[in-house]
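Asks: One structure coming up, written as structure tokens, with questions to follow.
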Amino acid sequence: MDQFNVQLGVRSYPVFIGNTIARDLGTSLTHRFPKRQFALVTNATIAKLFTPIIAQWKEQFSPLMIIIPDGEQYKTIATWQYVLDKMLEAKLDRSAVMLAFGGGVVGDITGFAAACFMRGVDYVQIPTTLLAMVDSSVGGKTGVDHAWGKNLIGAFHQPKMVWADTAFLDILPEREFNAGLSELFKYAFIGGGGMFSFISDHFGLLLKRDRAVLAEGIRRSITIKAHAVSGDEREETGRRTILNFGHTFGHALERECGYTGILHGEAIWWGMRCACDMGMRLKTIPEASLPLYEMMRKKMIPISPPKGVGDDALFQAMFSDKKTTAGKLHFVLPTEPGSVMIKNDVPKDAVINTLRHVLINI
Ligand SMILES: NC(=O)c1ccc[n+]([C@@H]2O[C@H](COP(=O)([O-])OP(=O)(O)OC[C@H]3O[C@@H](n4cnc5c(N)ncnc54)[C@H](O)[C@@H]3O)[C@@H](O)[C@H]2O)c1
């Protein structure tokens with residue numbers, strides 16, 4: 001089992017990554033949080049798929065079970081309130097420790113409930129999707145969606161521990177796995193030349209879900225994310241901005257698709273292709289590096305293009321993103337392999353040309 005720390009002063013926390021480590025969770029929890037009450041939040045699908053390990057955890061640390069419906073459409077204030085209602089009904093107090101057992105949706109809702117219950121209680125992330133393992137379980141962004149947009153209601157609230165067991169990924173549906181791979185790819189683009197080479201060299205094994213290579217990919221991704229988060233915990237100094245690579249386009253696409261029919265990771269995949277296209281157009285990518293980007297593009301899993309989206313609507317949707325400030329769009333664009341730059345002055349026609357080339361006219 002690998003262990004390293006996300007360094008955030010008094011809010012630092014350990015991340016554990018390993019293969020079949022779920023059964024050791026009880027020992028770690030009771031050691032770290034002695035005499036505390038636990039509330040385990042998960043969704044109906046995961047509760048069914050992982051009945052044996054949940055039964056083991058019930059014996060080990062008797063959590064209050066809170067089961068929410070499965071799906072992004074339930075990442076709402078109503079579900080968040082349901083979780084809080086259950087905590088209050090069970091008369092849990094400020095010493096409660098919440099456990100988020102699931103993908104990014106369960107993690108975001110549980111983290112937000114933990115941020116608000118009794119003005120804030122401890123919580124632990126136990127990610128079960130690749131996307132949650134490489135990305136959403138670390139960094140402390142929590143929240144729910146609103147009819148006006150994704151993740152518009154939320155709070156920064158860091159977990160006390162992250163427990164990532166790669167064995168959970170064995171039964172993750174292929175589409176979800178590929179959506180997680182897309183976030184892993186993101187770290188290749190932003191995480192330095194070493195990560196770029198790691199992903200391009202190990203791509204075949206990642207696709208085969210080789211547990212050792214996956215664990216290494218997760219470790220590298222979280223280390224990169226932890227570094228960005230340590231320097232910019234609340235997204236104020238700009239260091240965290242690189243994590244939004246592909247997201248200006250991706251979030252607009254999700255919004256235009258009405259948050260249905262396209263997974264977050266799929267939208268980010270298209271968003272990263274747009275960012276690379278724009279990098280070529282605006283020549284932020286040095287000429288000599290273009291073949292490396294082309295090689296990476298070919299490795300990215302083909303995902304069917306979204307239907308019925310228009311370039312102008314997508315452009316307008318970009319302004320609804322909460323990362324837009326003072327009406328300016330911020331683009332994270334590739335430079336040398338593994339490095340990016342932020343550009344705030346991209347002309348509209350360059351954005352439209354990229355959208356047409358990558359998303360519309362294909
Ligand atoms: N907080 C952050 O920093 C951050 C970062 C990126 C994404 N997100 C959020 O994460 C969410 C997407 O997360 P996601 O991609 O994990 O989706 P998800 O949580 O919806 O999970 C995907 C599906 O896989 C199922 N599932 C989960 N684990 C499984 C397993 N091991 N085996 C079989 N099925 C399993 C789930 O029940 C669900 O149906 C979005 O809401 C996005 O906004 C948050």
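Chain identifiers are assigned as A, B, and so on, following the order in which chains appear in the structure tokens; residues are numbered from 1 within each chain, and ligands are numbered from 1 in order of appearance.
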Please identify all polymer residues within 12 Å of Arg11 of chain A, counting only C-alpha atoms, omitting same-chain residues fewer than 4 positions from it, and present them as a PyMOL selection string.

Replies: chain A and resi 5-7+122+139-140+156-161+229-230+233

Asks: Throw together the list of residues within 7 Å of ligand 1, counting only C-alpha atoms and all ligand atoms, and drop it here as a PyMOL selection string.

Replies: chain A and resi 43+45-46+49+70-72+75+102-106+108+128-132+135-142+150-151+168-173+176+179-180+263-265

Asks: Of the candidates A:Gln56, A:Thr51, A:Thr260, A:Gln125, which one gets nearest to Pro14 of chain A if we count only C-alpha atoms?

Replies: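 Looking at the shortest contact to Pro14 of chain A, the residue is A:Gln125.
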
Asks: What does the distance between atom CA of Met118 of chain A and atom CA of Phe38 of chain A come to in Å, to one decimal place?

Replies: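 So the two atoms, atom CA of Met118 of chain A and atom CA of Phe38 of chain A, lie 14.7 Å apart.
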
Asks: Taking 2 positions as the minimum chain separation for residues in the same chain, which residues sit within 8 Å of segment 287-296 of chain A when counting only C-alpha atoms? Answer as a tab-separated table (two decimals) with C-alpha atoms, in the first residue's frame.

Replies:
chain	number	residue	atom	x	y	z
A	200	SER	CA	2.11	7.39	-23.42
A	276	CYS	CA	-4.92	21.01	-28.10
A	280	MET	CA	-1.96	24.47	-32.43
A	283	LYS	CA	0.97	28.28	-31.69
A	285	ILE	CA	2.64	24.36	-28.80
A	298	LYS	CA	-4.31	8.96	-31.41
A	299	LYS	CA	-4.02	7.12	-28.10
A	300	MET	CA	-7.08	8.82	-26.64
A	336	GLU	CA	5.72	21.73	-24.18
A	337	PRO	CA	4.44	18.17	-23.53

Asks: Taking only C-alpha atoms into account, which of A:Gly258, A:Gly18, A:Gly327, A:Gly26 comes nearest Ala147 of chain A?

Replies: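 With only C-alpha atoms as the atom set, the closest residue is A:Gly258.
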